[in-house]
>>> print(open('input-v5.txt').read())   # compact mmCIF, C-alpha atoms and all ligand atoms
# COMPACT_ATOMS: atom_id res chain seq x y z
CA MET A 1 12.70 10.25 21.16
CA SER A 2 9.73 12.62 21.15
CA ALA A 3 6.43 11.56 22.72
CA GLU A 4 4.06 9.51 20.56
CA ILE A 5 1.28 11.48 18.90
CA PRO A 6 -2.04 9.64 18.45
CA ALA A 7 -3.72 9.56 15.06
CA TRP A 8 -7.04 8.22 13.76
CA LEU A 9 -8.31 6.71 10.54
CA ALA A 10 -12.05 6.78 9.82
CA LEU A 11 -13.96 5.34 6.87
CA GLU A 12 -17.30 6.41 5.49
CA SER A 13 -18.53 2.90 6.39
CA GLY A 14 -18.21 3.82 10.08
CA LEU A 15 -15.00 1.88 10.79
CA VAL A 16 -12.58 3.91 12.96
CA MET A 17 -9.06 2.81 13.97
CA GLN A 18 -6.54 4.48 16.22
CA GLY A 19 -2.80 4.49 15.58
CA ARG A 20 0.14 6.85 15.85
CA ALA A 21 1.25 9.82 13.77
CA VAL A 22 4.42 9.03 11.80
CA GLY A 23 4.45 11.88 9.28
CA ALA A 24 3.06 15.40 9.16
CA GLU A 25 0.33 16.33 11.60
CA GLY A 26 -3.07 17.44 10.36
CA GLU A 27 -6.17 15.99 8.75
CA LYS A 28 -6.57 14.76 5.18
CA GLY A 29 -9.02 12.55 3.31
CA GLY A 30 -9.73 10.83 0.00
CA ASP A 31 -10.48 7.42 -1.53
CA LEU A 32 -8.69 4.68 0.43
CA VAL A 33 -6.64 2.38 -1.84
CA PHE A 34 -4.46 -0.54 -0.79
CA ASN A 35 -1.14 -1.20 -2.49
CA THR A 36 0.27 -4.74 -2.26
CA ALA A 37 3.85 -4.02 -3.41
CA MET A 38 6.43 -5.30 -0.93
CA SER A 39 8.82 -2.42 -1.60
CA GLY A 40 8.83 0.81 -3.57
CA TYR A 41 6.99 3.03 -1.09
CA HIS A 42 9.01 6.08 -2.15
CA GLU A 43 8.20 5.64 -5.86
CA ILE A 44 4.55 5.03 -4.90
CA LEU A 45 4.41 8.17 -2.76
CA THR A 46 5.89 10.28 -5.59
CA ASP A 47 3.60 8.84 -8.32
CA PRO A 48 1.26 11.75 -9.22
CA SER A 49 -1.51 9.21 -10.01
CA TYR A 50 -2.15 8.92 -6.26
CA ALA A 51 -3.42 12.52 -5.91
CA GLY A 52 -6.84 12.54 -4.24
CA GLN A 53 -6.28 9.11 -2.64
CA VAL A 54 -5.13 7.80 0.73
CA VAL A 55 -2.60 4.97 0.25
CA LEU A 56 -2.52 1.96 2.54
CA MET A 57 0.46 -0.41 2.23
CA THR A 58 -0.37 -4.08 2.88
CA TYR A 59 3.31 -5.01 3.39
CA PRO A 60 3.71 -4.94 7.20
CA GLN A 61 6.86 -2.89 7.64
CA ILE A 62 7.50 0.29 5.70
CA GLY A 63 10.45 2.71 5.78
CA ASN A 64 13.24 0.21 6.48
CA TYR A 65 15.43 1.41 3.60
CA GLY A 66 14.65 5.12 4.01
CA VAL A 67 14.16 7.52 1.12
CA VAL A 68 16.58 7.99 -1.80
CA ASP A 69 16.06 11.36 -3.52
CA GLU A 70 17.12 10.12 -6.97
CA ASP A 71 14.44 7.38 -6.88
CA ALA A 72 11.59 9.92 -6.78
CA GLU A 73 9.09 9.57 -9.64
CA SER A 74 8.22 13.29 -9.53
CA ALA A 75 9.17 16.41 -7.57
CA ARG A 76 6.95 15.73 -4.54
CA ALA A 77 4.67 13.32 -2.67
CA TRP A 78 1.05 13.19 -3.85
CA PRO A 79 -1.27 10.98 -1.74
CA GLU A 80 -3.58 12.76 0.66
CA ALA A 81 -2.34 10.51 3.48
CA PHE A 82 -0.32 7.33 4.07
CA VAL A 83 -1.34 4.31 6.18
CA MET A 84 0.76 1.37 7.37
CA ARG A 85 1.04 -1.42 9.94
CA GLU A 86 4.46 -0.43 11.20
CA MET A 87 6.82 2.39 10.34
CA SER A 88 10.35 1.06 10.78
CA SER A 89 12.07 2.84 13.66
CA ILE A 90 15.38 2.80 11.79
CA HIS A 91 16.44 2.73 8.17
CA SER A 92 19.54 1.11 6.75
CA ASN A 93 20.64 1.85 3.19
CA HIS A 94 23.89 3.38 1.94
CA ARG A 95 21.93 5.31 -0.72
CA ALA A 96 19.38 6.84 1.68
CA THR A 97 19.15 10.62 1.78
CA SER A 98 16.48 10.76 4.48
CA SER A 99 14.35 8.67 6.82
CA LEU A 100 10.75 8.09 5.69
CA PRO A 101 9.11 9.84 8.71
CA ALA A 102 11.34 12.93 8.28
CA TRP A 103 10.63 13.04 4.54
CA LEU A 104 6.85 12.63 5.04
CA LYS A 105 6.92 15.54 7.50
CA GLU A 106 8.89 17.67 5.06
CA GLN A 107 6.42 16.76 2.29
CA GLY A 108 3.42 17.58 4.49
CA ILE A 109 1.97 14.06 4.17
CA VAL A 110 -0.19 12.98 7.10
CA ALA A 111 0.80 9.39 7.97
CA ILE A 112 -0.44 6.84 10.47
CA ASP A 113 0.96 3.50 11.63
CA GLY A 114 -0.20 0.90 14.17
CA ILE A 115 -3.17 0.12 11.92
CA ASP A 116 -4.50 -3.41 11.35
CA THR A 117 -3.93 -3.21 7.62
CA ARG A 118 -5.17 -6.77 7.02
CA GLU A 119 -8.56 -6.00 8.50
CA LEU A 120 -8.71 -2.70 6.68
CA THR A 121 -7.80 -4.27 3.33
CA LYS A 122 -10.43 -7.01 3.75
CA HIS A 123 -12.97 -4.31 4.60
CA VAL A 124 -12.21 -2.43 1.36
CA ARG A 125 -12.18 -5.67 -0.67
CA GLU A 126 -15.63 -6.57 0.67
CA ARG A 127 -17.27 -3.18 0.42
CA GLY A 128 -15.46 -1.61 -2.53
CA SER A 129 -13.92 1.82 -2.79
CA LEU A 130 -14.43 3.88 0.38
CA ARG A 131 -13.62 7.45 1.33
CA CYS A 132 -11.68 8.00 4.50
CA VAL A 133 -10.03 10.62 6.64
CA VAL A 134 -6.74 10.43 8.58
CA SER A 135 -6.40 12.87 11.46
CA THR A 136 -3.96 13.78 14.20
CA THR A 137 -6.25 16.54 15.46
CA ASP A 138 -9.66 14.91 15.96
CA GLY A 139 -10.27 11.74 18.00
CA ASP A 140 -14.05 11.92 17.99
CA THR A 141 -15.54 8.93 16.18
CA THR A 142 -18.78 10.56 15.08
CA SER A 143 -17.09 13.67 13.80
CA LEU A 144 -14.40 11.66 11.97
CA VAL A 145 -16.92 9.45 10.18
CA ALA A 146 -18.91 12.54 9.18
CA LYS A 147 -15.71 14.04 7.74
CA ALA A 148 -14.97 10.81 5.81
CA LYS A 149 -18.49 11.00 4.32
CA ALA A 150 -17.92 14.63 3.32
CA THR A 151 -14.54 13.93 1.66
CA PRO A 152 -14.66 14.15 -2.14
CA SER A 153 -14.01 10.87 -3.97
CA THR A 154 -12.07 10.84 -7.24
CA ASP A 155 -15.25 10.24 -9.27
CA GLY A 156 -15.89 13.02 -11.76
CA ARG A 157 -12.67 14.87 -10.87
CA ASP A 158 -10.09 16.05 -13.40
CA LEU A 159 -6.95 15.85 -11.24
CA ALA A 160 -4.59 15.65 -14.22
CA SER A 161 -4.90 19.40 -14.66
CA VAL A 162 -3.93 19.84 -10.99
CA VAL A 163 -0.73 17.76 -11.07
CA THR A 164 0.53 18.57 -14.59
CA THR A 165 3.55 20.73 -15.46
CA GLY A 166 2.93 24.49 -15.84
CA ALA A 167 4.98 24.77 -19.04
CA PRO A 168 6.51 22.52 -21.71
CA TYR A 169 10.05 21.20 -21.14
CA THR A 170 12.45 18.76 -22.75
CA TRP A 171 13.70 15.62 -20.97
CA ALA A 172 17.02 14.08 -21.99
CA GLU A 173 17.98 11.73 -19.14
CA GLY A 174 17.98 7.98 -19.74
CA TYR A 175 18.55 5.24 -17.19
CA HIS A 176 21.48 5.46 -14.83
CA GLU A 177 24.17 3.02 -15.99
CA SER A 178 23.58 0.87 -12.90
CA TYR A 179 19.90 0.43 -13.81
CA PRO A 180 18.75 -2.99 -15.10
CA HIS A 181 18.55 -2.64 -18.85
CA GLU A 182 15.86 -5.25 -19.40
CA LEU A 183 13.55 -2.26 -19.25
CA GLY A 184 13.35 -1.68 -22.98
CA ARG A 185 16.06 -2.50 -25.50
CA ALA A 186 18.64 0.29 -25.43
CA PHE A 187 18.64 2.47 -28.55
CA ASP A 188 22.05 2.28 -30.17
CA GLY A 189 21.22 4.03 -33.42
CA ALA A 190 21.94 0.89 -35.44
CA GLY A 191 19.89 -2.03 -36.66
CA THR A 192 16.69 -0.31 -35.65
CA LYS A 193 13.66 -0.85 -37.83
CA GLY A 194 12.93 2.44 -39.60
CA GLY A 195 16.51 3.71 -39.39
CA GLY A 196 18.94 4.80 -36.76
CA GLU A 197 17.49 8.24 -36.07
CA ARG A 198 16.08 9.25 -32.73
CA ILE A 199 12.33 9.91 -32.80
CA ARG A 200 10.75 13.16 -31.60
CA VAL A 201 7.86 12.51 -29.23
CA VAL A 202 5.53 14.91 -27.45
CA ALA A 203 4.54 13.46 -24.07
CA TYR A 204 1.30 14.73 -22.51
CA ASP A 205 1.88 15.11 -18.77
CA PHE A 206 -1.31 14.03 -17.04
CA GLY A 207 0.85 13.14 -14.00
CA ILE A 208 3.88 11.58 -15.70
CA LYS A 209 6.41 9.41 -13.87
CA ARG A 210 10.12 10.02 -14.45
CA ASN A 211 10.86 6.41 -15.30
CA ILE A 212 8.50 6.70 -18.27
CA LEU A 213 10.56 9.64 -19.50
CA ARG A 214 13.81 7.73 -18.89
CA SER A 215 12.40 4.67 -20.68
CA LEU A 216 11.45 6.75 -23.73
CA VAL A 217 14.93 8.31 -23.89
CA HIS A 218 16.55 4.89 -23.39
CA CYS A 219 14.57 3.51 -26.34
CA GLY A 220 15.55 6.30 -28.72
CA PHE A 221 13.02 9.08 -28.25
CA ASP A 222 13.75 12.81 -27.89
CA VAL A 223 11.09 13.91 -25.45
CA THR A 224 9.20 17.18 -25.13
CA VAL A 225 6.73 17.17 -22.24
CA VAL A 226 3.62 19.35 -22.54
CA PRO A 227 0.93 20.32 -19.99
CA ALA A 228 -2.29 18.27 -19.81
CA GLY A 229 -4.40 21.07 -21.31
CA THR A 230 -2.28 21.51 -24.47
CA PRO A 231 -4.51 21.66 -27.58
CA ALA A 232 -3.56 19.30 -30.42
CA ASP A 233 -2.29 22.12 -32.67
CA ASP A 234 0.11 23.34 -29.97
CA ALA A 235 1.41 19.80 -29.48
CA LEU A 236 1.87 19.38 -33.24
CA ALA A 237 3.72 22.73 -33.37
CA HIS A 238 6.63 20.91 -31.66
CA ASP A 239 6.85 18.83 -34.86
CA PRO A 240 6.65 15.45 -33.12
CA GLN A 241 6.80 12.15 -34.99
CA ALA A 242 4.81 10.46 -32.21
CA ILE A 243 2.58 11.29 -29.24
CA PHE A 244 2.74 9.74 -25.79
CA LEU A 245 -0.10 10.00 -23.22
CA SER A 246 0.93 9.53 -19.59
CA ASN A 247 -0.54 8.06 -16.44
CA GLY A 248 -2.31 10.41 -14.06
CA PRO A 249 -4.78 10.78 -11.19
CA GLY A 250 -8.55 11.13 -11.04
CA ASP A 251 -11.46 10.12 -13.23
CA PRO A 252 -10.46 9.70 -16.90
CA ALA A 253 -13.92 10.71 -18.13
CA ALA A 254 -13.47 14.11 -16.45
CA VAL A 255 -10.22 15.03 -18.25
CA SER A 256 -12.10 17.02 -20.89
CA SER A 257 -9.19 19.06 -22.31
CA GLY A 258 -7.11 15.87 -22.71
CA ILE A 259 -10.03 14.08 -24.35
CA ALA A 260 -10.50 16.99 -26.79
CA ALA A 261 -6.79 17.13 -27.65
CA VAL A 262 -6.49 13.38 -28.16
CA SER A 263 -9.60 13.34 -30.43
CA ASP A 264 -7.80 15.83 -32.66
CA LEU A 265 -4.55 13.83 -32.65
CA ILE A 266 -5.89 10.41 -33.68
CA GLY A 267 -4.70 9.57 -37.18
CA LYS A 268 -2.20 12.44 -37.24
CA ARG A 269 0.67 10.75 -35.37
CA PRO A 270 1.22 7.29 -33.83
CA ILE A 271 0.05 7.36 -30.21
CA PHE A 272 1.02 5.28 -27.14
CA GLY A 273 -0.93 5.66 -23.89
CA ILE A 274 -0.19 4.30 -20.42
CA CYS A 275 -2.82 4.01 -17.66
CA LEU A 276 -4.77 7.31 -17.67
CA GLY A 277 -3.44 7.80 -21.22
CA HIS A 278 -4.88 4.39 -22.17
CA GLN A 279 -8.21 5.28 -20.58
CA ILE A 280 -8.41 8.65 -22.36
CA LEU A 281 -7.58 7.00 -25.72
CA SER A 282 -10.27 4.37 -25.10
CA ILE A 283 -12.88 7.02 -24.27
CA VAL A 284 -12.00 9.04 -27.37
CA LEU A 285 -12.29 5.91 -29.51
CA GLY A 286 -15.76 5.05 -28.19
CA ALA A 287 -15.22 2.85 -25.11
CA LYS A 288 -16.46 3.53 -21.59
CA THR A 289 -14.58 3.72 -18.28
CA SER A 290 -15.91 3.08 -14.79
CA LYS A 291 -14.59 2.76 -11.26
CA MET A 292 -13.48 -0.70 -10.18
CA PRO A 293 -14.54 -2.14 -6.81
CA PHE A 294 -11.08 -1.62 -5.30
CA GLY A 295 -8.75 -1.22 -8.26
CA HIS A 296 -5.32 -2.65 -8.99
CA HIS A 297 -2.46 -1.22 -6.94
CA GLY A 298 0.60 -3.43 -6.64
CA ALA A 299 3.58 -4.98 -8.33
CA ASN A 300 2.53 -8.55 -9.15
CA HIS A 301 -0.49 -8.41 -11.44
CA PRO A 302 -0.38 -11.10 -14.16
CA VAL A 303 -1.24 -9.86 -17.65
CA ARG A 304 -1.42 -11.90 -20.84
CA ASP A 305 -0.16 -10.24 -24.00
CA LEU A 306 -2.70 -11.65 -26.46
CA GLN A 307 -0.44 -10.92 -29.44
CA THR A 308 2.46 -13.08 -28.19
CA GLY A 309 0.66 -15.31 -25.67
CA LYS A 310 3.28 -14.38 -23.08
CA ILE A 311 2.41 -13.50 -19.52
CA GLU A 312 3.98 -10.48 -17.84
CA ILE A 313 4.01 -9.78 -14.13
CA THR A 314 3.18 -6.11 -13.99
CA SER A 315 3.19 -3.01 -11.86
CA GLN A 316 -0.25 -1.45 -11.56
CA ASN A 317 -1.97 1.57 -10.09
CA HIS A 318 -5.47 2.30 -11.24
CA SER A 319 -8.94 2.60 -9.75
CA PHE A 320 -10.84 3.06 -13.01
CA ALA A 321 -10.84 0.68 -15.97
CA VAL A 322 -12.09 0.43 -19.52
CA GLU A 323 -15.24 -1.72 -19.62
CA THR A 324 -14.58 -4.84 -21.71
CA ASP A 325 -18.05 -4.89 -23.27
CA SER A 326 -17.73 -1.27 -24.33
CA LEU A 327 -14.75 -1.82 -26.68
CA PRO A 328 -16.04 -0.94 -30.16
CA ASP A 329 -15.27 -3.17 -33.15
CA HIS A 330 -12.42 -0.97 -34.38
CA LEU A 331 -10.49 -1.58 -31.14
CA GLU A 332 -8.70 -4.86 -30.46
CA LEU A 333 -8.11 -6.12 -26.94
CA THR A 334 -4.35 -6.76 -26.74
CA HIS A 335 -3.76 -7.39 -23.01
CA LEU A 336 -5.88 -9.17 -20.44
CA ASN A 337 -5.62 -9.20 -16.63
CA LEU A 338 -5.45 -12.83 -15.54
CA ASN A 339 -6.80 -12.18 -12.03
CA ASP A 340 -10.10 -10.56 -12.97
CA HIS A 341 -10.10 -10.55 -16.80
CA THR A 342 -10.27 -6.78 -17.06
CA VAL A 343 -8.92 -4.81 -20.04
CA GLU A 344 -5.14 -4.27 -19.77
CA GLY A 345 -4.39 -3.02 -23.25
CA MET A 346 -5.81 -2.28 -26.68
CA ARG A 347 -4.87 -1.14 -30.14
CA HIS A 348 -6.76 0.41 -33.01
CA LYS A 349 -7.29 -1.93 -35.94
CA THR A 350 -6.52 0.69 -38.60
CA GLU A 351 -4.99 3.77 -36.93
CA LYS A 352 -1.60 3.80 -35.16
CA VAL A 353 -2.84 3.71 -31.57
CA MET A 354 -1.62 1.35 -28.82
CA SER A 355 -2.12 1.53 -25.07
CA VAL A 356 -1.76 -0.39 -21.82
CA GLN A 357 -3.49 -0.02 -18.47
CA TYR A 358 -0.44 -1.10 -16.49
CA HIS A 359 3.04 0.32 -15.95
CA PRO A 360 5.81 -0.99 -18.25
CA GLU A 361 8.20 1.55 -16.70
CA ALA A 362 7.80 -0.28 -13.35
CA ALA A 363 9.33 1.98 -10.65
CA PRO A 364 8.43 0.22 -8.53
CA GLY A 365 7.81 -3.25 -9.89
CA PRO A 366 8.98 -6.02 -12.19
CA LEU A 367 10.67 -5.20 -15.50
CA ASP A 368 8.77 -7.78 -17.61
CA ALA A 369 6.87 -5.23 -19.68
CA GLY A 370 9.66 -2.72 -20.36
CA HIS A 371 9.96 -4.00 -23.92
CA LEU A 372 6.76 -2.07 -24.72
CA PHE A 373 8.81 1.13 -25.11
CA SER A 374 10.85 -0.62 -27.82
CA ARG A 375 7.59 -1.89 -29.32
CA PHE A 376 6.36 1.73 -29.43
CA ARG A 377 9.56 2.72 -31.29
CA GLU A 378 9.00 0.00 -33.86
CA PHE A 379 5.30 0.92 -34.07
CA VAL A 380 6.25 4.52 -34.92
CA ALA A 381 9.11 3.67 -37.26
CA GLY A 382 7.68 0.57 -38.90
N1 LIG A 401 -1.96 5.43 -12.81
C1 LIG A 401 -2.94 5.97 -13.53
O1 LIG A 401 -2.72 6.57 -14.59
C2 LIG A 401 -4.32 5.89 -12.96
C3 LIG A 401 -5.43 6.27 -13.89
C4 LIG A 401 -6.73 6.65 -13.20
N2 LIG A 401 -6.54 7.81 -12.37
C5 LIG A 401 -7.24 5.50 -12.37
O2 LIG A 401 -7.19 5.54 -11.17
O3 LIG A 401 -7.67 4.51 -12.92
>>> encode(input="input-v5.txt", output="structure tokens")
Amino acid sequence: MSAEIPAWLALESGLVMQGRAVGAEGEKGGDLVFNTAMSGYHEILTDPSYAGQVVLMTYPQIGNYGVVDEDAESARAWPEAFVMREMSSIHSNHRATSSLPAWLKEQGIVAIDGIDTRELTKHVRERGSLRCVVSTTDGDTTSLVAKAKATPSTDGRDLASVVTTGAPYTWAEGYHESYPHELGRAFDGAGTKGGGERIRVVAYDFGIKRNILRSLVHCGFDVTVVPAGTPADDALAHDPQAIFLSNGPGDPAAVSSGIAAVSDLIGKRPIFGICLGHQILSIVLGAKTSKMPFGHHGANHPVRDLQTGKIEITSQNHSFAVETDSLPDHLELTHLNLNDHTVEGMRHKTEKVMSVQYHPEAAPGPLDAGHLFSRFREFVAG
């Protein structure tokens, strides 16, 4: 066992905590967000929506089932740094391809454990979003707090254009046969409203997660993924029957190329947006987004589907939200967060536009909302 390496976490509020380095060494900063999911750290780390943020896990022990390459939600890890109470000293899982500390080192993610994550989470809950820095190279309190204050927050930053694909590509993989199929009704080419044909969809990659792509394929879509900055005409040149707008990092109001493209696409094809995609659609259609006090990051957020009255327990990861009062008359609130009554979904009253703030693809999280991919299929075909 190599000698322990000290590490420090400092917040712009002045709070400094010491722990131990359990990933790459170095110094990184960003907005500190806490995630309350009890498992799924690998999917969380590979969710591109975390770019520009430092992720703190509230579950006390992380790493106990290692890392499984095929569970990655994208090609790499995205958070600026990773914070936990305790990194498990061993992992036990027949599917594991790596230990979490070894993988974090390989991915260049600065990670710290030995942190009082309860105190830290309460601090963020009380004070709201805070910038922080995690360092294995600087133990000086004053200098660390100054660095946290100088760290850019996600406000005003278009990070979608940083994480997006460089070129268009097609995606054909559905769920693995062992995967729980409650996540969207499987497309079998028969008995489907609108006929048994597969539907061509262009998916804007603002930071897309692989389980969204798998869910679309599973529900009968042929998927072409395009970069975030793709103008509407170039997207339409793929001859899609529908448009999908993905999740992604940063401030939705700053994604100007996406906002311009989506403005040109409204009314031309049915559109479904998830998370950042939902926020961009809402902005284009006249609503306003703003940063929440500490966001929603976890796997147990109750949402009421106002069309069916049913409650779904949902996976969430967002720091910004659409302001309820800003929804114009032509938009209908379709989903409501039952913890804080924030906007969780909307649809256009006359155009074919539907969107949700949360993550029906789960990964990680409960499968309650997976049926939304089938609903999108019916929305397009119906
Ligand atoms: N997962 C997402 O798409 C997040 C959207 C946006 N970056 C936010 O933090 O609110």
>>> residues_near_ligand(input="input-v5.txt", ligand="ligand LIG 401 (chain A)", cutoff="6 Å", atoms="only C-alpha atoms and all ligand atoms", output="ChimeraX atom specification")
/A:49,247-251,275-276,317-321
>>> closest_residue(input="input-v5.txt", among="A:Leu245, A:Ala150, A:Val133, A:Ala186", to="Ser215 in chain A", atoms="all atoms listed in the file")
A:Ala186
>>> atom_distance(input="input-v5.txt", atom1="CA of Leu333 in chain A", atom2="CA of Gln307 in chain A")
9.4 Å
>>> closest_atom_pairs(input="input-v5.txt", of="range 284-365 of chain A", to="range 262-268 of chain A", cutoff="9 Å", atoms="only C-alpha atoms", output="tab-separated table")
residue	atom	partner	partner_atom	distance
A:Val284	CA	A:Ser263	CA	5.8
A:Leu285	CA	A:Ser263	CA	8.0
A:Glu351	CA	A:Gly267	CA	5.8
A:Lys352	CA	A:Gly267	CA	6.9
A:Val353	CA	A:Ile266	CA	7.7
>>> closest_residue(input="input-v5.txt", among="A:Ile199, A:Leu372, A:Leu367, A:Ile259", to="Ile274 in chain A", atoms="all atoms listed in the file")
A:Leu372
>>> closest_residue(input="input-v5.txt", among="A:Val68, A:Ala237, A:Val162, A:Ile62", to="Ala96 in chain A", atoms="only C-alpha atoms")
A:Val68
>>> closest_residue(input="input-v5.txt", among="A:Thr46, A:Gln107, A:Ser143, A:Asn64", to="Glu12 in chain A", atoms="all atoms listed in the file")
A:Ser143
>>> closest_residue(input="input-v5.txt", among="A:Arg375, A:His94, A:His218, A:Lys105", to="Ala21 in chain A", atoms="all atoms listed in the file")
A:Lys105
>>> residues_around(input="input-v5.txt", residues="Ser129 in chain A", least_positions_apart="5", cutoff="9 Å", atoms="only C-alpha atoms", output="list in words")
Asp31, Leu32, Val33, Val124, Lys291, Met292, Pro293, Phe294, Gly295 and Ser319 of chain A
>>> write_last_selection(input="input-v5.txt", atoms="C-alpha atoms", output="CSV table (one decimal), in the coordinates of the input")
chain,number,residue,atom,x,y,z
A,31,ASP,CA,-10.5,7.4,-1.5
A,32,LEU,CA,-8.7,4.7,0.4
A,33,VAL,CA,-6.6,2.4,-1.8
A,124,VAL,CA,-12.2,-2.4,1.4
A,291,LYS,CA,-14.6,2.8,-11.3
A,292,MET,CA,-13.5,-0.7,-10.2
A,293,PRO,CA,-14.5,-2.1,-6.8
A,294,PHE,CA,-11.1,-1.6,-5.3
A,295,GLY,CA,-8.8,-1.2,-8.3
A,319,SER,CA,-8.9,2.6,-9.8
>>> axis_aligned_box(input="input-v5.txt", around="range 250-267 of chain A", padding_each_side="6 Å", output="AutoDock Vina command-line options")
--center_x -9.2 --center_y 14.3 --center_z -24.1 --size_x 21.4 --size_y 21.5 --size_z 38.1
